[in-house]
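Text of upload35.txt, listed as compact mmCIF, C-alpha atoms and all ligand atoms:
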# COMPACT_ATOMS: atom_id res chain seq x y z
CA MET A 366 11.64 -12.60 -23.66
CA ALA A 367 9.98 -10.83 -20.82
CA VAL A 368 6.26 -10.95 -21.01
CA MET A 369 4.18 -8.20 -19.62
CA ALA A 370 0.54 -8.71 -18.83
CA ALA A 371 -0.74 -5.22 -18.88
CA LEU A 372 -4.12 -3.79 -18.22
CA ALA A 373 -5.14 -0.76 -20.16
CA ARG A 374 -8.23 1.25 -19.52
CA VAL A 375 -9.85 2.67 -22.63
CA ALA A 376 -13.14 4.38 -23.13
CA HIS A 377 -15.55 2.11 -24.94
CA PRO A 378 -17.01 3.96 -27.91
CA LEU A 379 -20.52 2.62 -27.49
CA SER A 380 -21.29 2.48 -23.87
CA SER A 381 -20.27 3.31 -20.40
CA PRO A 382 -19.10 2.24 -17.90
CA THR A 383 -15.45 1.96 -18.69
CA PHE A 384 -14.35 -0.89 -20.86
CA ILE A 385 -11.16 -2.60 -19.85
CA THR A 386 -8.76 -4.43 -22.13
CA LEU A 387 -6.18 -6.88 -20.94
CA ALA A 388 -3.24 -7.51 -23.22
CA LEU A 389 -0.44 -10.01 -22.98
CA ASP A 390 2.64 -8.75 -24.79
CA ARG A 391 0.33 -7.38 -27.52
CA THR A 392 -0.19 -10.97 -28.71
CA TYR A 393 -3.40 -11.69 -26.90
CA LYS A 394 -6.12 -9.29 -26.06
CA TYR A 395 -9.22 -9.85 -24.02
CA SER A 396 -11.75 -7.33 -23.04
CA GLY A 397 -14.54 -7.10 -20.59
CA ARG A 398 -16.80 -4.63 -18.94
CA THR A 399 -18.13 -6.51 -16.01
CA HIS A 400 -15.92 -7.71 -13.30
CA LYS A 401 -16.75 -11.31 -14.07
CA GLN A 402 -15.70 -10.87 -17.71
CA LEU A 403 -12.45 -9.31 -16.61
CA PHE A 404 -11.62 -12.06 -14.25
CA HIS A 405 -12.40 -14.62 -16.92
CA ALA A 406 -10.08 -12.77 -19.28
CA TRP A 407 -7.39 -12.67 -16.63
CA ASN A 408 -7.65 -16.43 -16.21
CA ILE A 409 -7.26 -16.97 -19.93
CA LEU A 410 -4.16 -14.82 -19.90
CA GLN A 411 -2.78 -16.82 -17.05
CA HIS A 412 -3.43 -20.01 -18.95
CA LYS A 413 -1.87 -18.72 -22.16
CA SER A 414 1.19 -17.54 -20.31
CA LYS A 415 1.63 -21.02 -18.90
CA THR A 416 1.03 -22.97 -22.06
CA GLN A 417 2.40 -20.85 -24.91
CA ASN A 418 6.08 -20.72 -25.78
CA PRO A 419 8.48 -19.12 -25.47
CA PHE A 420 7.65 -17.38 -22.20
CA PRO A 421 10.61 -18.21 -19.97
CA SER A 422 10.52 -15.34 -17.57
CA GLN A 423 7.29 -13.68 -16.77
CA ILE A 424 6.32 -10.56 -15.06
CA LEU A 425 2.75 -10.34 -13.98
CA THR A 426 1.37 -7.02 -13.04
CA VAL A 427 -2.14 -6.14 -12.13
CA SER A 428 -3.24 -2.58 -12.33
CA LYS A 429 -5.64 -0.83 -10.06
CA SER A 430 -8.05 -0.52 -12.96
CA ALA A 431 -9.19 -4.04 -12.21
CA MET A 432 -10.39 -2.85 -8.83
CA ALA A 433 -13.89 -3.05 -7.59
CA THR A 434 -16.71 -1.77 -9.66
CA ARG A 435 -19.30 -3.13 -7.26
CA ASP A 436 -17.93 -1.65 -4.14
CA SER A 437 -20.14 0.07 -1.61
CA LEU A 438 -20.01 1.17 1.97
CA PRO A 439 -22.08 -0.87 4.40
CA VAL A 440 -25.62 0.27 5.04
CA LYS A 441 -24.91 -0.51 8.66
CA THR A 442 -21.54 -1.47 10.11
CA ALA A 443 -21.10 -4.83 11.84
CA GLN A 444 -20.64 -3.01 15.13
CA GLN A 445 -23.94 -1.16 14.74
CA MET A 446 -25.74 -4.36 13.83
CA ALA A 447 -24.26 -6.05 16.89
CA MET A 448 -25.34 -3.17 19.12
CA ASP A 449 -28.86 -3.22 17.70
CA GLY A 450 -29.11 -7.01 18.07
CA ASP A 451 -29.61 -7.50 14.30
CA GLN A 452 -29.21 -10.88 12.67
CA PRO A 453 -26.44 -10.86 10.04
CA PRO A 454 -27.97 -9.96 6.64
CA PRO A 455 -27.94 -12.60 3.86
CA ASN A 456 -24.79 -11.23 2.20
CA TYR A 457 -22.85 -12.03 5.38
CA ILE A 458 -23.95 -15.67 5.45
CA PHE A 459 -21.21 -17.31 3.44
CA SER A 460 -23.25 -20.40 2.53
CA ASN A 461 -25.54 -18.13 0.47
CA THR A 462 -22.72 -16.99 -1.72
CA THR A 463 -20.65 -18.22 -4.66
CA LYS A 464 -21.60 -21.85 -4.09
CA SER A 465 -19.48 -21.45 -1.04
CA ASN A 466 -16.10 -21.11 -2.54
CA TYR A 467 -15.24 -19.78 0.88
CA THR A 468 -15.25 -23.14 2.57
CA LYS A 469 -13.06 -24.94 0.09
CA PHE A 470 -10.42 -25.12 2.83
CA GLY A 471 -12.88 -26.87 5.11
CA PRO A 472 -16.10 -26.02 6.90
CA LEU A 473 -16.31 -23.33 9.51
CA GLU A 474 -15.59 -24.73 12.96
CA THR A 475 -15.80 -22.31 15.83
CA SER A 476 -13.74 -24.39 18.28
CA PRO A 477 -11.15 -26.55 16.52
CA PRO A 478 -8.12 -27.83 18.48
CA PHE A 479 -5.46 -25.34 19.49
CA ALA A 480 -2.49 -24.93 17.18
CA SER A 481 0.92 -25.82 18.57
CA VAL A 482 2.42 -22.81 16.81
CA PRO A 483 6.10 -22.62 17.80
CA ILE A 484 7.16 -19.94 20.28
CA VAL A 485 10.38 -18.26 19.22
CA ASP A 486 12.51 -16.18 21.58
CA ILE A 487 13.61 -13.45 19.21
CA SER A 488 15.76 -11.55 21.74
CA CYS A 489 18.85 -13.39 20.52
CA PHE A 490 18.30 -12.14 16.98
CA PHE A 491 18.85 -8.56 18.16
CA SER A 492 22.43 -9.07 19.27
CA THR A 493 25.32 -11.36 18.54
CA SER A 494 26.11 -11.88 22.20
CA LYS A 495 24.18 -15.12 22.64
CA GLN A 496 25.43 -17.04 19.62
CA ASP A 497 24.43 -20.50 20.90
CA ASP A 498 20.89 -19.45 21.67
CA GLN A 499 20.74 -17.90 18.25
CA GLU A 500 21.52 -21.20 16.54
CA THR A 501 18.75 -22.94 18.48
CA GLU A 502 16.19 -20.23 17.79
CA LEU A 503 17.17 -19.98 14.10
CA ALA A 504 16.56 -23.70 13.72
CA LYS A 505 13.21 -23.31 15.47
CA LEU A 506 12.33 -20.38 13.25
CA ARG A 507 13.16 -22.26 10.09
CA SER A 508 11.14 -25.26 11.15
CA ALA A 509 8.19 -23.08 12.22
CA LEU A 510 8.12 -21.23 8.92
CA SER A 511 8.42 -24.30 6.74
CA THR A 512 5.63 -26.14 8.56
CA TRP A 513 3.16 -23.64 10.05
CA GLY A 514 4.31 -20.48 8.28
CA CYS A 515 3.89 -18.62 11.54
CA PHE A 516 5.22 -18.34 15.08
CA GLN A 517 4.62 -16.54 18.34
CA ALA A 518 7.45 -14.05 18.87
CA VAL A 519 8.34 -13.54 22.53
CA ASN A 520 11.02 -11.38 24.18
CA HIS A 521 10.64 -8.87 21.39
CA GLY A 522 11.34 -5.96 23.74
CA LEU A 523 7.83 -4.45 23.92
CA PRO A 524 6.32 -4.71 27.41
CA TYR A 525 2.79 -6.00 27.84
CA SER A 526 1.64 -2.60 29.13
CA TYR A 527 2.89 -0.99 25.91
CA LEU A 528 1.07 -3.49 23.69
CA ASP A 529 -2.05 -3.15 25.78
CA ASN A 530 -2.01 0.60 25.37
CA VAL A 531 -1.95 0.18 21.57
CA ARG A 532 -5.01 -2.06 21.77
CA GLN A 533 -6.78 0.27 24.20
CA VAL A 534 -6.34 3.27 21.94
CA ILE A 535 -7.83 1.34 19.02
CA LYS A 536 -10.66 0.14 21.24
CA GLN A 537 -11.39 3.72 22.26
CA PHE A 538 -11.68 4.69 18.62
CA PHE A 539 -14.24 1.97 17.94
CA GLU A 540 -16.19 3.01 21.03
CA LEU A 541 -16.74 6.52 19.64
CA PRO A 542 -20.19 7.40 18.28
CA LEU A 543 -20.71 6.60 14.62
CA GLU A 544 -20.94 10.32 13.73
CA GLU A 545 -17.34 10.74 14.82
CA LYS A 546 -16.02 7.58 13.13
CA ARG A 547 -17.92 8.41 9.98
CA LYS A 548 -15.50 11.31 9.38
CA TYR A 549 -12.89 8.72 8.47
CA PHE A 550 -15.08 6.51 6.29
CA ARG A 551 -13.18 5.01 3.39
CA GLU A 552 -14.18 5.94 -0.15
CA THR A 553 -15.71 3.39 -2.52
CA GLY A 554 -13.10 1.64 -4.65
CA SER A 555 -10.39 2.15 -2.07
CA VAL A 556 -9.42 0.29 1.09
CA GLU A 557 -7.99 3.08 3.15
CA GLY A 558 -10.01 4.48 6.05
CA TYR A 559 -12.71 3.29 8.42
CA GLY A 560 -15.38 0.82 7.34
CA ASN A 561 -15.68 -2.56 5.74
CA ASP A 562 -13.61 -4.35 3.14
CA MET A 563 -14.03 -3.65 -0.55
CA THR A 564 -16.66 -5.53 -2.53
CA TYR A 565 -15.54 -6.94 -5.85
CA SER A 566 -18.55 -9.00 -6.86
CA GLU A 567 -22.21 -9.28 -6.01
CA ASN A 568 -21.65 -12.76 -4.61
CA GLN A 569 -18.98 -11.75 -2.17
CA ALA A 570 -19.57 -12.81 1.41
CA GLN A 571 -19.10 -9.89 3.78
CA ASP A 572 -16.96 -10.20 6.88
CA TRP A 573 -18.38 -9.54 10.34
CA CYS A 574 -15.81 -6.90 11.22
CA ASP A 575 -15.20 -3.19 11.08
CA ARG A 576 -11.75 -1.85 10.70
CA LEU A 577 -9.56 1.13 10.22
CA PHE A 578 -7.04 0.59 7.44
CA LEU A 579 -4.08 2.93 7.06
CA ARG A 580 -1.04 3.10 4.83
CA ILE A 581 1.53 4.19 7.38
CA LEU A 582 4.79 4.03 5.42
CA PRO A 583 6.28 5.56 3.37
CA GLU A 584 5.48 8.54 5.53
CA ASP A 585 4.81 10.85 2.59
CA GLN A 586 1.98 8.56 1.49
CA ARG A 587 0.00 8.97 4.69
CA LYS A 588 -3.50 10.23 4.03
CA LEU A 589 -4.06 12.02 7.28
CA ARG A 590 -7.73 12.60 6.51
CA PHE A 591 -8.24 8.94 7.40
CA TRP A 592 -6.22 9.16 10.62
CA PRO A 593 -8.61 9.71 13.52
CA LYS A 594 -8.05 12.82 15.66
CA ILE A 595 -9.85 11.16 18.57
CA PRO A 596 -8.60 9.56 20.77
CA SER A 597 -6.08 12.37 20.78
CA ASN A 598 -3.12 10.03 21.23
CA LEU A 599 -4.11 7.66 18.40
CA ARG A 600 -1.87 9.15 15.69
CA GLU A 601 1.14 9.29 17.96
CA THR A 602 0.46 5.78 19.27
CA ILE A 603 0.30 4.33 15.75
CA ASN A 604 3.39 6.24 14.73
CA ASP A 605 5.39 5.01 17.68
CA TYR A 606 4.14 1.44 17.37
CA THR A 607 5.12 1.51 13.68
CA ASN A 608 8.70 2.45 14.53
CA LYS A 609 8.88 -0.40 17.00
CA ILE A 610 7.33 -2.88 14.58
CA LYS A 611 9.77 -1.83 11.89
CA SER A 612 12.78 -2.53 14.08
CA ILE A 613 11.38 -5.92 15.03
CA SER A 614 10.56 -6.72 11.38
CA VAL A 615 14.12 -6.00 10.19
CA VAL A 616 15.42 -8.41 12.79
CA ILE A 617 12.92 -11.10 11.76
CA PHE A 618 13.67 -10.71 8.04
CA GLU A 619 17.39 -11.00 8.75
CA ALA A 620 16.90 -14.01 10.99
CA MET A 621 14.79 -15.72 8.31
CA ALA A 622 17.59 -15.21 5.78
CA LYS A 623 20.21 -16.51 8.22
CA SER A 624 18.09 -19.53 9.03
CA LEU A 625 18.36 -20.53 5.34
CA GLY A 626 22.08 -19.79 5.17
CA LEU A 627 21.53 -16.65 3.08
CA GLU A 628 23.16 -13.27 3.26
CA LYS A 629 21.27 -11.40 5.99
CA SER A 630 19.70 -8.70 3.78
CA SER A 631 18.37 -11.24 1.25
CA PHE A 632 14.76 -10.65 2.35
CA SER A 633 14.90 -7.36 4.22
CA LYS A 634 15.99 -5.51 1.07
CA TYR A 635 12.55 -6.14 -0.42
CA PHE A 636 10.51 -4.94 2.52
CA MET A 637 12.53 -2.66 4.75
CA GLU A 638 13.94 -0.01 2.45
CA GLU A 639 12.84 3.59 2.45
CA ARG A 640 10.08 3.32 -0.19
CA ASP A 641 8.71 -0.01 1.02
CA ILE A 642 5.25 -0.13 2.46
CA LEU A 643 3.83 -0.71 5.89
CA GLN A 644 0.08 -0.87 6.34
CA GLY A 645 -1.93 -1.18 9.50
CA ARG A 646 -5.29 -2.83 9.87
CA PHE A 647 -6.98 -2.14 13.19
CA ILE A 648 -9.91 -4.47 13.45
CA LEU A 649 -12.99 -4.88 15.60
CA TYR A 650 -14.87 -8.18 15.42
CA PRO A 651 -18.11 -7.43 17.27
CA PRO A 652 -20.05 -10.23 18.98
CA CYS A 653 -22.07 -12.12 16.38
CA PRO A 654 -25.40 -13.89 17.04
CA THR A 655 -24.59 -16.67 14.54
CA PRO A 656 -20.85 -17.46 14.63
CA ASP A 657 -21.37 -20.69 12.69
CA GLN A 658 -22.79 -18.90 9.65
CA VAL A 659 -20.58 -15.87 9.34
CA PHE A 660 -16.83 -15.32 9.16
CA GLY A 661 -15.08 -12.57 11.06
CA LEU A 662 -12.57 -12.67 8.21
CA LYS A 663 -12.76 -15.20 5.37
CA ALA A 664 -9.93 -17.68 4.74
CA HIS A 665 -6.98 -16.02 3.04
CA SER A 666 -3.24 -15.84 2.98
CA ASP A 667 -1.64 -12.44 3.45
CA ARG A 668 -0.19 -10.51 0.55
CA SER A 669 2.61 -9.22 2.74
CA GLY A 670 6.18 -10.19 3.38
CA ILE A 671 5.42 -10.74 7.03
CA THR A 672 2.44 -9.73 9.14
CA LEU A 673 2.78 -8.90 12.82
CA LEU A 674 -0.42 -9.33 14.75
CA LEU A 675 -1.48 -8.26 18.21
CA GLN A 676 -4.28 -10.47 19.35
CA ASP A 677 -6.96 -9.59 21.86
CA PRO A 678 -5.93 -11.08 25.21
CA GLY A 679 -9.59 -11.66 26.12
CA VAL A 680 -10.80 -13.94 23.33
CA GLU A 681 -9.46 -16.21 20.61
CA GLY A 682 -10.65 -16.01 17.04
CA LEU A 683 -7.74 -16.48 14.66
CA GLN A 684 -7.47 -19.90 13.03
CA VAL A 685 -4.69 -21.27 10.88
CA LEU A 686 -4.74 -24.10 8.35
CA ASN A 687 -2.05 -26.73 8.61
CA ASP A 688 -1.97 -29.96 6.64
CA GLY A 689 -5.59 -29.50 5.63
CA LYS A 690 -6.84 -29.03 9.20
CA TRP A 691 -7.95 -25.91 11.02
CA TYR A 692 -6.48 -24.95 14.38
CA MET A 693 -7.24 -22.11 16.76
CA VAL A 694 -4.23 -19.89 17.44
CA PRO A 695 -3.81 -19.60 21.21
CA VAL A 696 -3.50 -16.16 22.73
CA ILE A 697 -0.18 -15.63 24.46
CA HIS A 698 -0.47 -12.36 26.32
CA ASP A 699 2.86 -10.77 25.63
CA ALA A 700 3.58 -12.40 22.28
CA ILE A 701 3.35 -10.90 18.83
CA PHE A 702 1.95 -13.42 16.39
CA VAL A 703 3.99 -13.39 13.19
CA ASN A 704 2.81 -15.01 9.98
CA LEU A 705 4.41 -15.01 6.59
CA GLY A 706 2.69 -13.56 3.57
CA ASP A 707 2.67 -14.82 0.00
CA GLN A 708 5.59 -12.66 -1.07
CA MET A 709 7.87 -14.48 1.39
CA GLN A 710 6.64 -17.83 0.10
CA ILE A 711 7.58 -16.67 -3.41
CA LEU A 712 11.00 -15.30 -2.37
CA SER A 713 11.83 -18.47 -0.44
CA ASN A 714 10.82 -20.53 -3.48
CA GLY A 715 8.15 -22.28 -1.44
CA ILE A 716 10.45 -23.37 1.42
CA PHE A 717 8.59 -21.07 3.79
CA LYS A 718 4.81 -21.16 3.88
CA SER A 719 2.33 -18.35 3.74
CA PRO A 720 -0.40 -19.95 5.84
CA VAL A 721 -4.08 -19.78 5.01
CA HIS A 722 -5.87 -18.32 8.00
CA ARG A 723 -9.27 -16.93 8.96
CA VAL A 724 -11.09 -15.38 11.88
CA VAL A 725 -14.24 -16.68 13.53
CA THR A 726 -16.60 -14.61 15.63
CA ASN A 727 -17.91 -15.12 19.12
CA LYS A 728 -21.47 -14.87 20.40
CA GLU A 729 -20.69 -13.00 23.60
CA LYS A 730 -17.37 -11.33 23.16
CA GLY A 731 -16.03 -8.76 20.76
CA ARG A 732 -12.40 -8.97 19.69
CA ILE A 733 -9.82 -6.34 18.74
CA SER A 734 -6.74 -7.08 16.67
CA VAL A 735 -3.94 -4.97 15.28
CA ALA A 736 -2.27 -6.27 12.12
CA MET A 737 0.80 -4.65 10.58
CA PHE A 738 1.75 -5.70 7.05
CA THR A 739 5.14 -5.20 5.42
CA GLU A 740 5.01 -4.97 1.64
CA PRO A 741 7.53 -4.12 -1.08
CA GLU A 742 7.44 -0.89 -3.01
CA PRO A 743 4.96 -1.92 -5.76
CA ASN A 744 7.49 -1.73 -8.62
CA LYS A 745 9.94 -4.11 -6.99
CA GLU A 746 10.11 -7.45 -8.73
CA ILE A 747 9.62 -10.38 -6.40
CA SER A 748 10.84 -13.81 -7.48
CA PRO A 749 12.47 -16.80 -5.81
CA VAL A 750 15.93 -15.94 -4.47
CA ASP A 751 18.56 -17.43 -6.87
CA VAL A 752 20.39 -19.40 -4.18
CA LEU A 753 17.17 -21.22 -3.33
CA VAL A 754 16.66 -22.40 -6.88
CA ASP A 755 18.50 -25.48 -8.11
CA GLU A 756 17.89 -28.71 -9.99
CA LYS A 757 16.30 -30.36 -7.00
CA ARG A 758 14.14 -27.36 -6.31
CA PRO A 759 13.32 -25.64 -9.58
CA LYS A 760 11.77 -22.22 -9.54
CA VAL A 761 8.21 -22.58 -8.28
CA TYR A 762 6.90 -19.04 -8.85
CA LYS A 763 6.86 -16.42 -11.54
CA THR A 764 8.25 -12.99 -11.01
CA VAL A 765 5.53 -10.73 -9.68
CA LYS A 766 5.09 -7.03 -9.26
CA ASN A 767 2.34 -5.15 -7.45
CA TYR A 768 1.15 -8.47 -6.09
CA ALA A 769 -0.82 -6.92 -3.25
CA VAL A 770 -3.75 -5.82 -5.39
CA PHE A 771 -4.03 -9.19 -7.10
CA ASN A 772 -3.96 -11.09 -3.83
CA HIS A 773 -6.69 -8.94 -2.34
CA GLU A 774 -9.00 -9.43 -5.25
CA CYS A 775 -8.49 -13.21 -5.21
CA PHE A 776 -9.18 -13.26 -1.48
CA GLN A 777 -12.54 -11.60 -1.83
CA LYS A 778 -13.53 -14.11 -4.47
CA GLY A 779 -12.42 -17.08 -2.43
CA MET A 780 -9.58 -17.75 -4.89
CA VAL A 781 -5.93 -18.56 -4.16
CA ALA A 782 -3.59 -15.91 -5.52
CA LEU A 783 -0.43 -17.99 -5.02
CA ASP A 784 -1.79 -20.73 -7.29
CA ALA A 785 -2.20 -18.21 -10.07
CA VAL A 786 1.47 -17.20 -10.00
CA LYS A 787 2.89 -20.73 -9.98
CA LEU A 788 5.09 -21.70 -12.89
C1 LIG B 801 -5.58 -9.97 8.51
C2 LIG B 801 -5.75 -11.05 9.50
C3 LIG B 801 -6.24 -11.68 11.75
C4 LIG B 801 -6.93 -11.17 12.96
O1 LIG B 801 -5.95 -8.82 8.82
O2 LIG B 801 -5.07 -10.27 7.40
O3 LIG B 801 -5.55 -12.18 9.16
O4 LIG B 801 -6.87 -11.86 13.98
N1 LIG B 801 -6.15 -10.71 10.73
O5 LIG B 801 -7.52 -10.09 12.91
NI NI B 802 -4.41 -12.22 7.36
Could you take the file, read its structure, and then write that structure out as C-alpha cells?
Ligand code: OGA
Ligand code: NI
Amino acid sequence: MAVMAALARVAHPLSSPTFITLALDRTYKYSGRTHKQLFHAWNILQHKSKTQNPFPSQILTVSKSAMATRDSLPVKTAQQMAMDGDQPPPNYIFSNTTKSNYTKFGPLETSPPFASVPIVDISCFFSTSKQDDQETELAKLRSALSTWGCFQAVNHGLPYSYLDNVRQVIKQFFELPLEEKRKYFRETGSVEGYGNDMTYSENQAQDWCDRLFLRILPEDQRKLRFWPKIPSNLRETINDYTNKIKSISVVIFEAMAKSLGLEKSSFSKYFMEERDILQGRFILYPPCPTPDQVFGLKAHSDRSGITLLLQDPGVEGLQVLNDGKWYMVPVIHDAIFVNLGDQMQILSNGIFKSPVHRVVTNKEKGRISVAMFTEPEPNKEISPVDVLVDEKRPKVYKTVKNYAVFNHECFQKGMVALDAVKL
C-alpha cells in the first residue's frame, strides 16, 4: 500500500492565520498553526510511518504550504552592514540561537586543515577515445564520491578566462548601488531573487551572505523580473554558462553511473531531462568583523543531484565534513568543485555521499561563489536504484518526491533532511 503524507491547507473557522492540517493516508491527522506545531506534527507523521504496519513503500511529499510564515527581508543586507562597519546583529550570531543546533557537526573553526578532495580529470568522460584513462578516472570518481562525496573536476573544457568572466559579471552586479539591486529583491515566502535566505523560525541563525537566486531551467519557468538587467551581459552570461554546465553535468551523471557498473542513463534520467530543474545561486560573502561567531552559510547538505561550484580564486571559505572532521576545500583556479546532493545519496542507496558542508567568512576579504544545482522535476519519484539494492545492502531510503522544499526547511532549522527519509 502506498502511503501518501499530504499537506492540506484549510481555512480555520475560528481564527487566522491559515490553519494547516497534515494527514497520513487519512489515518492520522495532525494540525498546527504555528510553524513549530507543524514541524512537530511532521515529526509525528514520520515516526508513525516508520513504526506502523503495513507501510512497505512510502512516498513522502511536502507541499509548499509548509513554507515560511516568519519570513522577512533583511533590514540591512550583509553587504551593507559590512560596508558600514556594523557588527553582526544578534540573529546572525549562531550561538544565540536554537541552543546551537547549528554546531552539532562540530564547532566553527575558521582555519581547519585542507581537504585532500580528489582531483578528477573529466576530459576522458567526454569521449570514448581514451578508454584506459577512463577506467582510472572512473575508479577515482567512485572512490571520491563514496568517501568525500565531492571532487575537483579539471579539464572540463571551460577555460579559466571564461570562468573568471562569469565571476566578474556576478561581482559587478553586487557592486551596483542598493537602489539598483533592490529592483530584484525576492518576495517574502519565496527564495527566488536578490536578498537573503528565507526565515522559517524566529530562532533561525542568519547567514552572512547576500545572493541572487534564480531558477534557470526549465526555460519557461524563468521569472525574468528577478534577472538583473545590469550588468547588461549578465542574462546572456548566465544563459551561456548554464548550457555549458548542463553538458558537463550530463557527462558527470553518466560517469557516476558507469563507475557503479550501471546503465549510463541511470542517474541522468532524473536530472537532465527537459522538465528537470537547474537553479543558480550567485553568492557574495562580504568581509565579516567576527568570523568566529557567524557563518557565511550554515552546515547543510545540498538538496540537489549534483552541485557545480565556482569558487573565488582569491579566498577560501568552503568547508566539508568528512569522518566527523571539518576540512577547508582548497581553491584550484581552473577547477569546478562538484559535490553530490542528497538525491544522489538516495538514488545510490547510500553508496555515494552527499557531504555536509558550510562556508566561513573572512575578516578582510569578501568572497564570490557561483553554485549551480541540478534537481529533478518535482513530481519525479526518487528512490534507490533497484540494482543497488540487495540482501547485503537493503534499501536505505524511502521514495521521495519534491524533496527540495523539505531539505531546505530542515537546513534552516539545523536538522538533517536525509535522516528523516531513512527507512
Ligand atoms: C550552497 C553552497 C558553497 C559556497 O550554495 O549550497 O554550499 O562556497 N555554497 O558558496
Ligand atoms: Ni551547499
Coordinates-based distance that separates atom CA of Asn520 of chain A from atom CA of Glu628 of chain A (Å, one decimal): 24.3 Å
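For the point (3.5, 3.5, 10.9), the residues with an atom at a distance of at most 6 Å are A:Ile581, A:Leu582, A:Ile603, A:Asn604, A:Thr607, counting all atoms listed in the file.
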Write out as JSON lines the residues of chain A that have any atom within 7 Å of an atom of ligand LIG 801 (chain B), one row each with the nearest atom pair and its distance in Å to one decimal, counting only C-alpha atoms and all ligand atoms, sorted by chain and then rising number.
{"residue": "A:Arg646", "atom": "CA", "partner": "B:LIG801", "partner_atom": "O1", "distance": 6.1}
{"residue": "A:Ile648", "atom": "CA", "partner": "B:LIG801", "partner_atom": "O5", "distance": 6.1}
{"residue": "A:Asp667", "atom": "CA", "partner": "B:LIG801", "partner_atom": "O2", "distance": 5.7}
{"residue": "A:Leu674", "atom": "CA", "partner": "B:LIG801", "partner_atom": "C3", "distance": 7.0}
{"residue": "A:Gln676", "atom": "CA", "partner": "B:LIG801", "partner_atom": "O4", "distance": 6.1}
{"residue": "A:Gly682", "atom": "CA", "partner": "B:LIG801", "partner_atom": "O4", "distance": 6.4}
{"residue": "A:Leu683", "atom": "CA", "partner": "B:LIG801", "partner_atom": "O4", "distance": 4.8}
{"residue": "A:His722", "atom": "CA", "partner": "B:LIG801", "partner_atom": "O3", "distance": 6.3}
{"residue": "A:Arg723", "atom": "CA", "partner": "B:LIG801", "partner_atom": "O3", "distance": 6.0}
{"residue": "A:Val724", "atom": "CA", "partner": "B:LIG801", "partner_atom": "O4", "distance": 5.9}
{"residue": "A:Ser734", "atom": "CA", "partner": "B:LIG801", "partner_atom": "O5", "distance": 4.9}
{"residue": "A:Val735", "atom": "CA", "partner": "B:LIG801", "partner_atom": "O5", "distance": 6.7}
{"residue": "A:Ala736", "atom": "CA", "partner": "B:LIG801", "partner_atom": "O1", "distance": 5.6}
So how far away is atom CA of Met637 of chain A from atom CA of Asp751 of chain A, in Å?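 Separation between atom CA of Asp751 of chain A and atom CA of Met637 of chain A: 19.7 Å.
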From the set A:His521, A:His773, A:Lys690, A:Lys663, which residue has the shortest atom-to-atom contact distance to Trp573 of chain A, counting all atoms listed in the file?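 Among the listed residues, the smallest separation from Trp573 of chain A belongs to A:Lys663.
We find atom CA of Trp592 of chain A and atom CA of Asp562 of chain A to be spaced 17.1 Å apart.
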Contacts of segment 551-557 of chain A within 12 Å, only C-alpha atoms, excl. fewer than 4 positions in-chain, as a ChimeraX atom specification: /A:429-439,546-547,561-565,575-581,586-592,644-647,770,773-774
Do you know which residues lie at most 6 Å from (13.0, -23.5, 4.2), with coordinates as in the file and all atoms listed in the file counted, and could you write them as a list of chain:residue names? A:Ser511, A:Ile716, A:Phe717
Under the rule that all atoms listed in the file are counted, which of A:Lys505, A:Arg640, A:His665, A:Arg600 is the nearest residue to ligand NI 802 (chain B)?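 Between A:Lys505, A:Arg640, A:His665, A:Arg600, the residue approaching ligand NI 802 (chain B) most closely is A:His665.
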Counting only C-alpha atoms, what is within 8 Å of Thr475 of chain A, bar same-chain residues fewer than 3 positions away, as a PyMOL selection string? chain A and resi 656-657+725-726
Selection file, C-alpha atoms, as a PDB file, in the coordinates of the input:
ATOM      1  CA  PRO A 656     -20.850 -17.460  14.630  1.00  0.00           C
ATOM      2  CA  ASP A 657     -21.370 -20.690  12.690  1.00  0.00           C
ATOM      3  CA  VAL A 725     -14.240 -16.680  13.530  1.00  0.00           C
ATOM      4  CA  THR A 726     -16.600 -14.610  15.630  1.00  0.00           C
TER       5      THR A 726
END
Out of A:Phe771, A:Phe738, A:Tyr559, A:Tyr549, which residue has the shortest atom-to-atom distance to ligand NI 802 (chain B) when counting all atoms listed in the file?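 For ligand NI 802 (chain B), the nearest of the given residues is A:Phe738.
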Among listed residues A:Leu510, A:Lys536, A:Asn704, A:Val721, nearest Tyr692 of chain A (using all atoms listed in the file):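 With all atoms listed in the file as the atom set, the closest residue is A:Val721.
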Let me make sure I understand: among A:Ser713, A:Ser460, A:Asn687, A:Asn598, which one has the smallest atom-to-atom distance to Ile747 of chain A if we use all atoms listed in the file? A:Ser713
